[in-house]
$ cat my_file_10.txt   # compact mmCIF, C-alpha atoms
# COMPACT_ATOMS: atom_id res chain seq x y z
CA MET A 919 -25.60 -13.83 -4.11
CA SER A 920 -24.11 -14.43 -7.52
CA ASN A 921 -21.93 -11.49 -8.28
CA GLU A 922 -19.14 -12.64 -10.53
CA ASN A 923 -20.74 -11.52 -13.75
CA ASP A 924 -20.30 -7.85 -13.21
CA GLY A 925 -17.52 -7.12 -15.54
CA GLU A 926 -13.89 -7.36 -16.37
CA PRO A 927 -10.95 -6.25 -14.23
CA ILE A 928 -10.55 -2.46 -14.09
CA ARG A 929 -7.06 -1.27 -14.88
CA GLY A 930 -5.34 1.69 -13.23
CA SER A 931 -3.24 4.45 -14.76
CA GLY A 932 -0.10 3.50 -12.85
CA ASP A 933 -0.69 6.39 -10.45
CA PHE A 934 -3.05 4.87 -7.91
CA LEU A 935 -3.48 7.86 -5.64
CA LYS A 936 -4.33 10.06 -8.60
CA ASP A 937 -6.87 7.47 -9.74
CA MET A 938 -8.37 7.57 -6.26
CA GLY A 939 -9.06 11.27 -6.62
CA TYR A 940 -6.27 12.90 -4.62
CA ASP A 941 -5.43 16.21 -6.21
CA ASN A 942 -1.90 16.01 -4.81
CA PRO A 943 -0.94 12.34 -5.33
CA ASP A 944 2.83 12.90 -5.07
CA GLU A 945 2.41 14.65 -1.74
CA MET A 946 0.02 11.98 -0.46
CA ARG A 947 2.45 9.26 -1.47
CA ILE A 948 5.08 10.89 0.73
CA LYS A 949 2.63 11.36 3.61
CA PHE A 950 1.52 7.73 3.46
CA ALA A 951 5.13 6.56 3.33
CA LEU A 952 6.06 8.69 6.36
CA ALA A 953 2.97 7.52 8.26
CA ASN A 954 3.87 3.92 7.56
CA ALA A 955 7.43 4.60 8.73
CA VAL A 956 5.98 5.96 11.99
CA ALA A 957 3.81 2.86 12.39
CA LEU A 958 6.80 0.60 11.77
CA ALA A 959 9.04 2.55 14.15
CA ILE A 960 6.42 2.24 16.89
CA GLU A 961 5.95 -1.47 16.29
CA ASP A 962 9.67 -2.21 15.94
CA ALA A 963 10.38 -0.43 19.24
CA GLY A 964 7.50 -2.24 20.93
CA LEU A 965 5.89 1.04 22.00
CA THR A 966 2.29 1.50 23.00
CA GLN A 967 0.51 4.31 21.19
CA GLN A 968 0.33 6.07 24.54
CA LYS A 969 4.09 5.96 24.98
CA ALA A 970 4.61 6.96 21.36
CA ALA A 971 2.32 9.95 21.83
CA LEU A 972 4.43 11.05 24.78
CA LEU A 973 7.65 10.78 22.78
CA MET A 974 6.15 12.53 19.78
CA GLY A 975 4.46 15.29 21.76
CA LEU A 976 1.12 14.42 20.19
CA GLN A 977 -2.29 13.35 21.40
CA GLN A 978 -2.84 9.61 21.34
CA SER A 979 -5.66 10.18 18.86
CA ASP A 980 -3.13 11.78 16.50
CA VAL A 981 -0.81 8.80 16.83
CA SER A 982 -3.72 6.49 16.13
CA ARG A 983 -4.62 8.41 12.98
CA ILE A 984 -1.03 8.46 11.76
CA VAL A 985 -0.53 4.75 12.41
CA ASN A 986 -3.73 4.10 10.45
CA GLY A 987 -2.57 6.25 7.56
CA VAL A 988 -5.30 8.86 7.93
CA VAL A 989 -2.86 11.67 7.30
CA LYS A 990 -4.36 13.89 4.61
CA ASP A 991 -4.64 16.74 7.12
CA TYR A 992 -1.12 16.42 8.55
CA SER A 993 1.74 18.33 7.00
CA VAL A 994 4.74 16.48 5.65
CA PHE A 995 6.89 18.31 8.19
CA ARG A 996 4.72 17.30 11.12
CA LEU A 997 5.03 13.66 10.06
CA MET A 998 8.81 14.00 9.62
CA ASN A 999 9.06 15.58 13.04
CA GLY A 1000 7.09 12.73 14.59
CA LEU A 1001 9.43 10.26 12.97
CA ALA A 1002 12.47 12.13 14.29
CA CYS A 1003 11.00 11.96 17.80
CA LEU A 1004 10.99 8.18 17.38
CA GLY A 1005 14.71 8.13 16.70
CA LYS A 1006 14.85 8.32 12.93
CA ASP A 1007 17.01 10.73 10.93
CA ILE A 1008 15.31 12.37 7.99
CA ALA A 1009 17.41 14.14 5.38
CA ILE A 1010 16.27 16.19 2.42
CA GLY A 1011 18.58 15.83 -0.56
CA VAL A 1012 18.51 17.79 -3.77
CA SER A 1013 20.26 16.80 -6.97
CA ASP A 1014 20.10 17.49 -10.69
CA SER A 1015 17.36 15.52 -12.35
CA ALA A 1016 17.82 13.39 -15.43
CA SER A 1017 14.62 14.86 -16.80
CA GLU A 1018 13.34 18.36 -17.29
CA ARG A 1019 10.86 17.99 -14.45
CA GLY A 1020 12.39 16.40 -11.37
CA GLU A 1021 10.80 13.95 -8.95
CA ILE A 1022 10.02 14.19 -5.25
CA VAL A 1023 10.36 10.80 -3.59
CA ALA A 1024 10.96 9.35 -0.16
CA VAL A 1025 13.63 6.68 0.19
CA PHE A 1026 13.78 4.52 3.28
CA GLU A 1027 16.67 2.53 4.62
CA GLU A 1028 15.46 -0.80 5.89
CA PRO A 1029 17.99 -2.52 8.12
CA GLU A 1030 16.29 -5.88 7.62
CA GLN A 1031 14.82 -7.72 4.67
CA SER A 1032 11.61 -6.16 3.41
CA HIS A 1033 8.65 -8.30 4.36
CA ALA A 1034 7.30 -7.83 0.87
CA MET A 1035 9.93 -10.32 -0.17
CA ALA A 1036 9.03 -12.97 2.37
CA PRO A 1037 7.95 -16.31 0.92
CA MET B 251 -2.99 5.51 -20.21
CA THR B 252 0.26 5.28 -18.30
CA ASN B 253 1.11 8.49 -16.56
CA LYS B 254 4.82 9.07 -16.86
CA ARG B 255 4.87 11.29 -13.83
CA SER B 256 3.79 8.38 -11.74
CA LEU B 257 6.22 6.60 -9.47
CA ASP B 258 4.20 3.52 -8.59
CA ILE B 259 5.91 0.18 -9.01
CA ARG B 260 2.93 -2.14 -9.45
CA GLU B 261 -0.31 -1.12 -11.11
CA VAL B 262 -3.44 -1.50 -8.99
CA ILE B 263 -6.21 -3.42 -10.77
CA PHE B 264 -9.69 -3.88 -9.34
CA ILE B 265 -10.92 -7.37 -10.09
CA ASN B 266 -14.40 -6.17 -11.08
CA ARG B 267 -16.88 -3.32 -10.74
CA GLN B 268 -18.36 -4.72 -7.56
CA ALA B 269 -14.97 -4.91 -5.85
CA LYS B 270 -14.15 -1.37 -6.90
CA ASP B 271 -17.50 -0.09 -5.64
CA ALA B 272 -16.93 -1.90 -2.34
CA TYR B 273 -13.54 -0.22 -2.00
CA LEU B 274 -14.79 3.22 -2.96
CA SER B 275 -17.71 3.03 -0.55
CA LEU B 276 -15.60 2.39 2.56
CA PRO B 277 -16.18 5.10 5.20
CA GLU B 278 -13.96 8.13 4.58
CA ASN B 279 -11.25 7.45 7.16
CA VAL B 280 -11.20 3.73 6.39
CA ARG B 281 -10.88 4.54 2.73
CA GLN B 282 -7.88 6.79 3.39
CA ALA B 283 -6.31 4.09 5.56
CA ALA B 284 -6.94 1.57 2.77
CA ASP B 285 -5.34 3.90 0.20
CA ALA B 286 -2.28 4.12 2.46
CA ARG B 287 -2.04 0.30 2.64
CA THR B 288 -2.62 -0.12 -1.09
CA ASP B 289 0.12 2.41 -1.78
CA ALA B 290 2.48 0.50 0.53
CA ILE B 291 1.71 -2.89 -0.97
CA GLN B 292 1.99 -1.87 -4.59
CA ASN B 293 5.34 -0.29 -3.79
CA HIS B 294 6.75 -3.20 -1.77
CA GLU B 295 6.85 -1.35 1.53
CA ARG B 296 6.83 -3.33 4.72
CA LEU B 297 3.69 -2.92 6.83
CA PRO B 298 3.27 -3.39 10.58
CA ARG B 299 2.51 -7.03 11.36
CA ASN B 300 -0.86 -6.28 12.89
CA GLN B 301 -2.04 -4.52 9.72
CA ARG B 302 -1.34 -7.25 7.22
CA GLU B 303 -1.50 -10.99 6.99
CA SER B 304 -0.44 -13.19 4.11
CA LEU B 305 -3.08 -15.89 3.79
CA SER B 306 -2.33 -19.53 3.12
CA GLY B 307 -3.94 -22.68 1.80
CA GLU B 308 -6.47 -22.05 -0.94
CA LEU B 309 -6.05 -18.32 -0.30
CA SER B 310 -2.29 -18.32 -0.75
CA GLY B 311 -1.01 -15.36 -2.72
CA ILE B 312 -3.60 -13.14 -1.07
CA ASP B 313 -2.81 -10.52 1.55
CA GLU B 314 -5.44 -9.49 4.05
CA ILE B 315 -5.28 -5.90 5.25
CA ARG B 316 -6.81 -5.00 8.60
CA ILE B 317 -8.19 -1.61 9.45
CA SER B 318 -9.94 -0.60 12.66
CA ASP B 319 -12.10 2.48 12.84
CA ASP B 320 -14.53 3.62 15.46
CA GLY B 321 -14.85 0.15 16.96
CA ASN B 322 -15.46 -1.52 13.60
CA ALA B 323 -13.07 -3.83 11.80
CA TYR B 324 -12.57 -3.70 8.04
CA ARG B 325 -10.77 -6.00 5.65
CA VAL B 326 -9.29 -5.48 2.21
CA TYR B 327 -7.98 -8.37 0.13
CA TYR B 328 -5.33 -8.18 -2.59
CA LEU B 329 -3.68 -10.76 -4.79
CA VAL B 330 -0.03 -9.77 -4.49
CA GLU B 331 1.86 -12.55 -6.25
CA PHE B 332 2.64 -10.75 -9.49
CA LYS B 333 5.55 -8.54 -10.42
CA ALA B 334 3.77 -5.80 -12.36
CA ALA B 335 0.34 -5.54 -10.74
CA ILE B 336 -1.67 -6.16 -7.60
CA TYR B 337 -5.35 -7.09 -7.82
CA MET B 338 -7.79 -5.67 -5.29
CA LEU B 339 -10.21 -8.56 -4.77
CA ASP B 340 -12.66 -7.39 -2.12
CA ALA B 341 -13.20 -4.88 0.66
CA GLY B 342 -15.68 -4.31 3.42
CA MET B 343 -16.58 -4.57 7.07
CA LYS B 344 -15.41 -7.76 8.71
CA LYS B 345 -18.25 -10.24 8.75
CA SER B 346 -17.07 -13.13 10.88
CA PRO B 347 -18.72 -13.17 14.32
CA ARG B 348 -15.53 -12.80 16.32
CA GLY B 349 -11.82 -13.32 15.75
CA GLY B 350 -10.75 -16.33 13.78
CA GLU B 351 -11.88 -17.68 10.49
CA ILE B 352 -12.80 -15.91 7.29
CA PRO B 353 -16.46 -16.76 6.52
CA LYS B 354 -17.01 -19.51 3.97
CA GLN B 355 -18.77 -17.25 1.50
CA GLN B 356 -15.90 -14.76 1.63
CA VAL B 357 -13.40 -17.54 1.00
CA GLU B 358 -15.39 -18.73 -2.02
CA THR B 359 -15.55 -15.23 -3.47
CA LEU B 360 -11.81 -14.76 -2.98
CA VAL B 361 -10.93 -18.10 -4.55
CA GLU B 362 -13.07 -17.33 -7.57
CA ARG B 363 -11.63 -13.85 -7.97
CA LYS B 364 -8.10 -15.09 -7.53
CA LYS B 365 -8.65 -17.44 -10.45
CA LYS B 366 -10.02 -14.59 -12.52
CA ALA B 367 -7.05 -12.38 -11.62
CA ARG B 368 -4.56 -15.08 -12.61
CA GLU B 369 -6.24 -15.46 -15.97
CA HIS B 370 -6.21 -11.72 -16.49
CA TYR B 371 -2.55 -11.39 -15.56
CA ALA B 372 -1.52 -14.26 -17.79
CA LYS B 373 -3.26 -12.56 -20.67
CA HIS B 374 -1.95 -9.03 -20.04
CA LYS B 375 1.42 -9.77 -18.46
CA ASP B 376 3.48 -8.30 -21.29
CA GLU B 377 1.72 -4.96 -21.46
CA LEU B 378 1.65 -4.66 -17.67
CA LYS B 379 5.40 -5.27 -17.50
CA LYS B 380 6.00 -2.81 -20.31
CA ALA B 381 4.00 -0.12 -18.53
CA MET B 382 5.94 -0.81 -15.33
CA ALA B 383 9.25 -0.58 -17.16
CA GLU B 384 8.26 2.91 -18.29
CA ARG B 385 7.52 3.98 -14.71
CA LEU B 386 10.45 2.39 -12.92
CA PRO B 387 13.46 4.33 -14.21
CA ARG B 388 12.02 7.47 -12.68
CA ARG B 389 12.11 5.89 -9.25
CA THR B 390 15.42 4.14 -9.54
CA THR B 391 17.26 7.14 -10.93
CA VAL B 392 16.26 9.29 -8.01
CA ALA B 393 16.79 6.53 -5.51
CA SER B 394 20.26 5.64 -6.75
CA GLN B 395 21.38 9.15 -5.91
CA THR B 396 20.98 8.29 -2.27
CA LYS B 397 23.21 5.63 -0.85
CA ALA B 398 20.34 3.81 0.79
CA GLU B 399 19.50 0.18 0.38
CA HIS B 400 15.84 0.28 -0.48
CA PRO B 401 13.07 -1.83 -1.94
CA LEU B 402 12.19 0.59 -4.71
CA GLY B 403 13.57 -1.33 -7.62
CA ALA B 404 12.51 -4.76 -6.44
CA SER B 405 13.03 -7.30 -9.17
CA ASP B 406 11.48 -10.59 -10.10
CA GLU B 407 14.34 -12.43 -8.44
CA GLN B 408 13.68 -10.71 -5.14
CA ARG B 409 10.02 -11.44 -5.40
CA LYS B 410 10.61 -15.14 -5.70
$ encode --input "my_file_10.txt" --output "structure tokens"
Amino acid sequence: MSNENDGEPIRGSGDFLKDMGYDNPDEMRIKFALANAVALAIEDAGLTQQKAALLMGLQQSDVSRIVNGVVKDYSVFRLMNGLACLGKDIAIGVSDSASERGEIVAVFEEPEQSHAMAP
Amino acid sequence: MTNKRSLDIREVIFINRQAKDAYLSLPENVRQAADARTDAIQNHERLPRNQRESLSGELSGIDEIRISDDGNAYRVYYLVEFKAAIYMLDAGMKKSPRGGEIPKQQVETLVERKKKAREHYAKHKDELKKAMAERLPRRTTVASQTKAEHPLGASDEQRK
């Protein structure tokens, strides 16, 4: 199976989720970030998905989907609420933007070193 | 070209057409899960330990992403060692019989593609960094208005 002759690397636009066809990439970026925060909170607390479902008032199948990042059909608020049930505070802050059109971003406080920086 | 509305830190580059096709043809839910992981990796977010493994030896520099769906296991491989881009190297259903080792053929493909990615990055480093520099201020400006410590503006030094 020789397959290394099929072309050059394919660059992205710098907005991956838009490139992947999401019509609301900014919203999806927030949903994915919240879902990952839920997954991390569950792992950091050593919870089973069953226990997490109980705390979050969700079905275990919902928790499984959220932990996997399959969250297109969940609202941002539902994900925030799930995170709050796991002991996280979520605040919405509004401030004047440096540009004409402002940005909507999620910022996470990580108590420990990000693993992305590990050697 | 670069979308100024975008807030991604690192650009996602598919190593070749075949790798991109493999990624795009993942089953729908797996694909969405993979998009979530890609988004996290390109933006330096931490992932749960059971979803990601940094490989070593001849595969060092490569992260393996694990996704389970409907009793099947899937893998996505990225070269993550660069500041301004990540390279998606391969994706698909896990082929090894059970647990353990990555099949020899998969390792060979990854080694070859890693080499290709390094060559590509060396050649395009400057323009990739320039494009990133245009995206980053939009993140850091917003983020600096919160008092949080965060990985949004991760620098070369931190990456080392």
$ closest_residue --input "my_file_10.txt" --among "B:Ala341, B:Ala334, B:Ala290, B:Ile259" --to "Leu276 (chain B)" --atoms "all atoms listed in the file"
B:Ala341
$ closest_residue --input "my_file_10.txt" --among "A:Val989, A:Ala1002, A:Ala1016, A:Leu973" --to "Glu278 (chain B)" --atoms "only C-alpha atoms"
A:Val989
$ interface_residues --input "my_file_10.txt" --of "chain A" --to "chain B" --cutoff "7 Å" --atoms "all atoms listed in the file" --output "PyMOL selection string"
chain A and resi 924-934+950+954+957-958+961+986-988+1025-1028+1032-1035
$ atom_distance --input "my_file_10.txt" --atom1 "CA of Cys1003 (chain A)" --atom2 "CA of Ala959 (chain A)"
10.3 Å
$ atom_distance --input "my_file_10.txt" --atom1 "CA of Pro277 (chain B)" --atom2 "CA of Ala951 (chain A)"
21.4 Å
$ closest_residue --input "my_file_10.txt" --among "A:Ala971, A:Ile1010, A:Leu965, A:Leu1004" --to "Arg983 (chain A)" --atoms "all atoms listed in the file"
A:Ala971
$ residues_around --input "my_file_10.txt" --residues "Leu1001 (chain A)" --least-positions-apart "6" --cutoff "9 Å" --atoms "all atoms listed in the file" --output "ChimeraX atom specification"
/A:952-953,955-956,959,974,1007-1008
$ atom_distance --input "my_file_10.txt" --atom1 "CA of Lys354 (chain B)" --atom2 "CA of Glu308 (chain B)"
11.9 Å
$ residues_around --input "my_file_10.txt" --residues "Val326 (chain B)" --least-positions-apart "3" --cutoff "6 Å" --atoms "all atoms listed in the file" --output "list in words"
Glu314, Ile315, Asp340 and Ala341 of chain B
$ closest_residue --input "my_file_10.txt" --among "B:Gly307, B:Lys345, B:Lys365, B:Lys333" --to "Lys380 (chain B)" --atoms "all atoms listed in the file"
B:Lys333
